[in-house]
file start_11.cif (mmCIF, C-alpha atoms)
data_target
loop_
_atom_site.label_atom_id
_atom_site.label_comp_id
_atom_site.auth_asym_id
_atom_site.auth_seq_id
_atom_site.Cartn_x
_atom_site.Cartn_y
_atom_site.Cartn_z
CA MET A 1389 -10.08 -12.26 -9.38
CA ALA A 1390 -9.71 -8.71 -10.71
CA SER A 1391 -8.22 -7.70 -14.03
CA ILE A 1392 -5.89 -4.74 -14.41
CA THR A 1393 -3.46 -3.77 -17.16
CA LEU A 1394 0.27 -3.29 -17.44
CA GLY A 1395 1.13 -1.20 -20.48
CA GLY A 1396 -2.34 -1.93 -21.81
CA ASN A 1397 -1.88 -5.69 -21.49
CA LYS A 1398 -4.34 -7.54 -19.25
CA ILE A 1399 -3.01 -9.13 -16.06
CA ASN A 1400 -4.93 -10.53 -13.09
CA THR A 1401 -4.88 -10.39 -9.33
CA ASN A 1402 -5.70 -13.27 -7.01
CA GLY A 1403 -8.97 -11.83 -5.67
CA GLU A 1404 -11.04 -8.78 -4.84
CA LEU A 1405 -10.23 -5.92 -2.49
CA PRO A 1406 -11.92 -5.78 0.91
CA LYS A 1407 -15.40 -4.24 0.77
CA VAL A 1408 -16.03 -0.75 2.14
CA GLY A 1409 -17.66 -1.04 5.57
CA THR A 1410 -15.95 -4.33 6.48
CA GLN A 1411 -13.29 -4.96 9.10
CA ALA A 1412 -9.78 -4.94 7.63
CA LEU A 1413 -8.00 -8.27 7.76
CA ALA A 1414 -5.21 -8.64 10.28
CA PHE A 1415 -1.71 -8.42 8.84
CA ASN A 1416 1.93 -8.72 9.82
CA LEU A 1417 4.49 -6.68 7.88
CA VAL A 1418 8.17 -5.84 8.33
CA LYS A 1419 9.44 -2.34 9.17
CA ASN A 1420 12.74 -0.89 7.95
CA ASP A 1421 14.41 -1.98 11.22
CA LEU A 1422 13.20 -5.57 10.55
CA ALA A 1423 10.67 -5.45 13.40
CA THR A 1424 7.28 -6.99 12.66
CA VAL A 1425 4.17 -4.85 13.03
CA SER A 1426 0.51 -5.78 12.80
CA LEU A 1427 -2.75 -4.00 12.09
CA ALA A 1428 -3.41 -4.03 15.85
CA ASP A 1429 -0.34 -1.79 16.34
CA TYR A 1430 -2.09 0.97 14.38
CA LEU A 1431 -5.60 0.79 15.84
CA GLY A 1432 -6.63 4.22 17.09
CA SER A 1433 -5.16 5.95 14.03
CA LYS A 1434 -6.67 6.40 10.60
CA LEU A 1435 -4.60 4.58 7.98
CA VAL A 1436 -3.89 5.17 4.33
CA LEU A 1437 -2.47 1.96 2.88
CA ASN A 1438 -0.51 2.98 -0.23
CA ILE A 1439 0.26 -0.38 -1.88
CA PHE A 1440 2.39 -0.82 -4.99
CA PRO A 1441 4.65 -3.26 -6.89
CA SER A 1442 8.08 -1.71 -6.16
CA ILE A 1443 9.52 1.46 -4.67
CA ASP A 1444 12.05 1.49 -7.52
CA THR A 1445 9.56 2.43 -10.24
CA GLY A 1446 8.58 5.97 -11.18
CA THR A 1447 4.87 5.79 -10.37
CA CYS A 1448 5.42 4.00 -7.06
CA ALA A 1449 8.01 6.56 -6.00
CA THR A 1450 5.67 9.40 -7.01
CA SER A 1451 2.82 7.99 -4.91
CA VAL A 1452 5.10 7.76 -1.86
CA ARG A 1453 6.23 11.38 -2.38
CA LYS A 1454 2.67 12.68 -2.85
CA PHE A 1455 1.29 10.88 0.19
CA ASN A 1456 4.33 12.08 2.18
CA GLU A 1457 3.40 15.69 1.27
CA SER A 1458 -0.21 15.19 2.37
CA ALA A 1459 0.54 13.17 5.50
CA SER A 1460 2.07 16.01 7.47
CA GLY A 1461 -1.26 17.83 7.48
CA LEU A 1462 -3.47 14.87 8.33
CA GLU A 1463 -4.79 14.61 11.86
CA ASN A 1464 -4.46 11.23 13.61
CA THR A 1465 -3.52 9.57 10.30
CA LYS A 1466 -0.61 7.36 9.30
CA VAL A 1467 0.37 6.58 5.72
CA LEU A 1468 1.73 3.05 5.32
CA CYS A 1469 3.52 2.37 2.03
CA ILE A 1470 3.44 -1.37 1.41
CA SER A 1471 5.31 -3.43 -1.16
CA ARG A 1472 7.29 -6.66 -1.47
CA ASP A 1473 10.54 -4.69 -1.64
CA LEU A 1474 13.18 -5.57 0.93
CA PRO A 1475 13.08 -3.23 3.94
CA PHE A 1476 16.62 -2.09 3.04
CA ALA A 1477 15.48 -0.79 -0.36
CA GLN A 1478 12.52 1.00 1.21
CA LYS A 1479 14.77 2.62 3.83
CA ARG A 1480 17.32 3.66 1.19
CA PHE A 1481 14.63 5.30 -0.94
CA CYS A 1482 13.03 7.28 1.90
CA GLY A 1483 16.42 8.34 3.25
CA ALA A 1484 17.59 9.57 -0.15
CA GLU A 1485 14.30 11.41 -0.69
CA GLY A 1486 14.07 12.85 2.84
CA LEU A 1487 10.61 11.34 3.33
CA GLU A 1488 9.63 11.32 6.99
CA ASN A 1489 5.81 11.42 6.98
CA VAL A 1490 5.20 7.92 5.64
CA GLU A 1491 6.10 4.50 6.99
CA ASN A 1492 7.33 1.81 4.63
CA LEU A 1493 6.33 -1.76 5.37
CA SER A 1494 7.44 -4.88 3.54
CA ASP A 1495 5.53 -8.03 2.66
CA PHE A 1496 8.74 -9.70 1.44
CA LYS A 1497 8.70 -12.76 3.69
CA THR A 1498 5.50 -14.51 2.64
CA GLY A 1499 3.42 -12.17 0.50
CA GLU A 1500 0.47 -13.02 2.77
CA PHE A 1501 -0.71 -9.42 2.93
CA GLY A 1502 -1.10 -9.27 -0.85
CA LYS A 1503 -2.72 -12.69 -1.00
CA ASN A 1504 -5.16 -12.00 1.85
CA TYR A 1505 -6.15 -8.57 0.53
CA GLY A 1506 -6.76 -9.96 -2.99
CA LEU A 1507 -4.22 -7.72 -4.67
CA GLU A 1508 -1.36 -10.07 -5.54
CA ILE A 1509 -0.61 -10.11 -9.28
CA ILE A 1510 -0.85 -13.73 -10.43
CA ASP A 1511 0.31 -13.57 -14.05
CA GLY A 1512 2.40 -11.47 -16.41
CA PRO A 1513 5.86 -10.01 -15.80
CA LEU A 1514 4.98 -8.69 -12.31
CA ALA A 1515 3.53 -11.96 -11.00
CA GLY A 1516 4.02 -12.25 -7.25
CA LEU A 1517 4.12 -8.49 -6.65
CA HIS A 1518 1.31 -6.28 -5.37
CA SER A 1519 -0.96 -4.35 -7.70
CA ARG A 1520 -1.32 -0.59 -7.21
CA VAL A 1521 -4.01 -0.12 -4.56
CA VAL A 1522 -5.06 2.43 -1.97
CA ILE A 1523 -7.11 1.32 1.04
CA VAL A 1524 -8.21 3.76 3.73
CA LEU A 1525 -9.12 2.51 7.22
CA ASP A 1526 -10.73 4.36 10.11
CA GLU A 1527 -9.42 4.26 13.69
CA ASN A 1528 -11.13 0.91 14.30
CA GLY A 1529 -9.78 -0.79 11.18
CA ILE A 1530 -12.99 -0.44 9.17
CA VAL A 1531 -12.47 -0.07 5.41
CA LYS A 1532 -13.61 3.40 4.31
CA TYR A 1533 -12.23 3.51 0.75
CA THR A 1534 -10.56 1.23 -1.78
CA GLU A 1535 -9.08 1.80 -5.22
CA GLN A 1536 -7.32 -0.69 -7.43
CA VAL A 1537 -5.69 1.36 -10.18
CA ALA A 1538 -6.85 -0.10 -13.50
CA GLU A 1539 -3.57 0.58 -15.36
CA ILE A 1540 -0.70 -0.22 -13.03
CA ALA A 1541 1.49 2.53 -14.51
CA ASN A 1542 -1.07 5.20 -13.51
CA GLU A 1543 -1.22 7.03 -10.19
CA PRO A 1544 -4.07 6.52 -7.72
CA ASN A 1545 -6.73 9.15 -7.09
CA TYR A 1546 -5.09 10.92 -4.16
CA GLU A 1547 -7.94 13.40 -3.66
CA LEU A 1548 -10.66 10.74 -3.33
CA ALA A 1549 -8.53 8.64 -1.00
CA LEU A 1550 -7.76 11.56 1.29
CA ALA A 1551 -11.35 12.86 1.16
CA SER A 1552 -12.50 9.52 2.64
CA LEU A 1553 -10.64 10.31 5.86
#
call {"tool": "encode", "arguments": {"input": "start_11.cif", "output": "structure tokens"}}
result
Amino acid sequence: MASITLGGNKINTNGELPKVGTQALAFNLVKNDLATVSLADYLGSKLVLNIFPSIDTGTCATSVRKFNESASGLENTKVLCISRDLPFAQKRFCGAEGLENVENLSDFKTGEFGKNYGLEIIDGPLAGLHSRVVIVLDENGIVKYTEQVAEIANEPNYELALASL
């Protein structure tokens, strides 16, 4: 279990993030068109997993915008923005913002991604949602970088995450 804060108040997640150098766990997530995709669908590309509680909060929206800006210049890299939001909300947000360089994926059905990756919030007002995390994977699905943002209202360290590519 990891401890983070929300507005300075301690909350906990259900586990620890995957260790750098390990194989990423398989996952199934839902795209905006309701199709299911898995980690295997992305093998061969570097991945930035931008994970957050909800697309409808300021910091989450900012992280999607900032990674969208960076993604267009990244070679053989996909940015996957993952939350428990419904795919319809994710699609609405990216359409309204004109964001085309990131892919939104939803863990709304079971929350298994958050549980398996040790980043599900287990107490406090955001219980059941994902904590703010960035995980970078190489082309073979090996974890190259992880960051669990200590204060959920803060942005991740974009520079360190992108430098790990």
call {"tool": "closest_residue", "arguments": {"input": "start_11.cif", "among": "A:Phe1455, A:Asn1528, A:Leu1427, A:Leu1493", "to": "Asn1545 of chain A", "atoms": "only C-alpha atoms"}}
result
A:Phe1455
call {"tool": "residues_around", "arguments": {"input": "start_11.cif", "residues": "Leu1422 of chain A", "least_positions_apart": "3", "cutoff": "12 Å", "atoms": "all atoms listed in the file", "output": "list in words"}}
result
Asn1416, Leu1417, Val1418, Lys1419, Val1425, Leu1474, Pro1475, Phe1476, Gln1478, Lys1479, Asn1492, Leu1493, Ser1494, Asp1495, Phe1496 and Lys1497 of chain A
call {"tool": "atom_distance", "arguments": {"input": "start_11.cif", "atom1": "atom CA of Thr1445 of chain A", "atom2": "atom CA of Ile1523 of chain A"}}
result
20.2 Å
call {"tool": "atom_distance", "arguments": {"input": "start_11.cif", "atom1": "atom CA of Asn1464 of chain A", "atom2": "atom CA of Leu1435 of chain A"}}
result
8.7 Å
call {"tool": "residues_around", "arguments": {"input": "start_11.cif", "residues": "segment 1502-1509 of chain A", "least_positions_apart": "5", "cutoff": "8 Å", "atoms": "all atoms listed in the file", "output": "short mmCIF file (atom, residue, chain, number, x, y, z; two decimals) with C-alpha atoms, in the frame of the given file"}}
result
data_model
loop_
_atom_site.label_atom_id
_atom_site.label_comp_id
_atom_site.auth_asym_id
_atom_site.auth_seq_id
_atom_site.Cartn_x
_atom_site.Cartn_y
_atom_site.Cartn_z
CA MET A 1389 -10.08 -12.26 -9.38
CA ILE A 1399 -3.01 -9.13 -16.06
CA ASN A 1400 -4.93 -10.53 -13.09
CA THR A 1401 -4.88 -10.39 -9.33
CA ASN A 1402 -5.70 -13.27 -7.01
CA GLY A 1403 -8.97 -11.83 -5.67
CA GLU A 1404 -11.04 -8.78 -4.84
CA LEU A 1405 -10.23 -5.92 -2.49
CA PRO A 1406 -11.92 -5.78 0.91
CA LEU A 1413 -8.00 -8.27 7.76
CA ASP A 1495 5.53 -8.03 2.66
CA LEU A 1514 4.98 -8.69 -12.31
CA ALA A 1515 3.53 -11.96 -11.00
CA GLY A 1516 4.02 -12.25 -7.25
CA LEU A 1517 4.12 -8.49 -6.65
CA HIS A 1518 1.31 -6.28 -5.37
CA SER A 1519 -0.96 -4.35 -7.70
CA VAL A 1521 -4.01 -0.12 -4.56
#
call {"tool": "atom_distance", "arguments": {"input": "start_11.cif", "atom1": "atom CA of Leu1553 of chain A", "atom2": "atom CA of Glu1463 of chain A"}}
result
9.4 Å
call {"tool": "resolve_selection", "arguments": {"input": "start_11.cif", "expression": "the PyMOL selection byres ((chain A and resi 1436) around 10)", "output": "VMD selection string"}}
result
chain A and resid 1433 to 1435 1437 to 1439 1455 1459 1465 to 1469 1490 1522 to 1526 1532 to 1534 1549 to 1550 1552 to 1553
call {"tool": "closest_residue", "arguments": {"input": "start_11.cif", "among": "A:Ile1392, A:Gly1499, A:Ala1551, A:Ile1443", "to": "Arg1480 of chain A", "atoms": "only C-alpha atoms"}}
result
A:Ile1443
call {"tool": "closest_residue", "arguments": {"input": "start_11.cif", "among": "A:Ala1538, A:Ala1423, A:Ala1428, A:Ile1470", "to": "Ser1442 of chain A", "atoms": "all atoms listed in the file"}}
result
A:Ile1470
call {"tool": "closest_residue", "arguments": {"input": "start_11.cif", "among": "A:Glu1457, A:Asp1473, A:Glu1543, A:Glu1500", "to": "Phe1415 of chain A", "atoms": "all atoms listed in the file"}}
result
A:Glu1500
call {"tool": "closest_residue", "arguments": {"input": "start_11.cif", "among": "A:Ala1390, A:Ile1540, A:Val1531, A:Leu1548", "to": "Lys1407 of chain A", "atoms": "only C-alpha atoms"}}
result
A:Val1531
call {"tool": "closest_residue", "arguments": {"input": "start_11.cif", "among": "A:Val1408, A:Leu1431, A:Ala1414, A:Leu1394", "to": "Gly1512 of chain A", "atoms": "only C-alpha atoms"}}
result
A:Leu1394
call {"tool": "axis_aligned_box", "arguments": {"input": "start_11.cif", "around": "segment 1407-1411 of chain A", "padding_each_side": "8 Å", "output": "JSON"}}
result
{"center_x": -15.5, "center_y": -2.9, "center_z": 4.9, "size_x": 20.4, "size_y": 20.2, "size_z": 24.3}
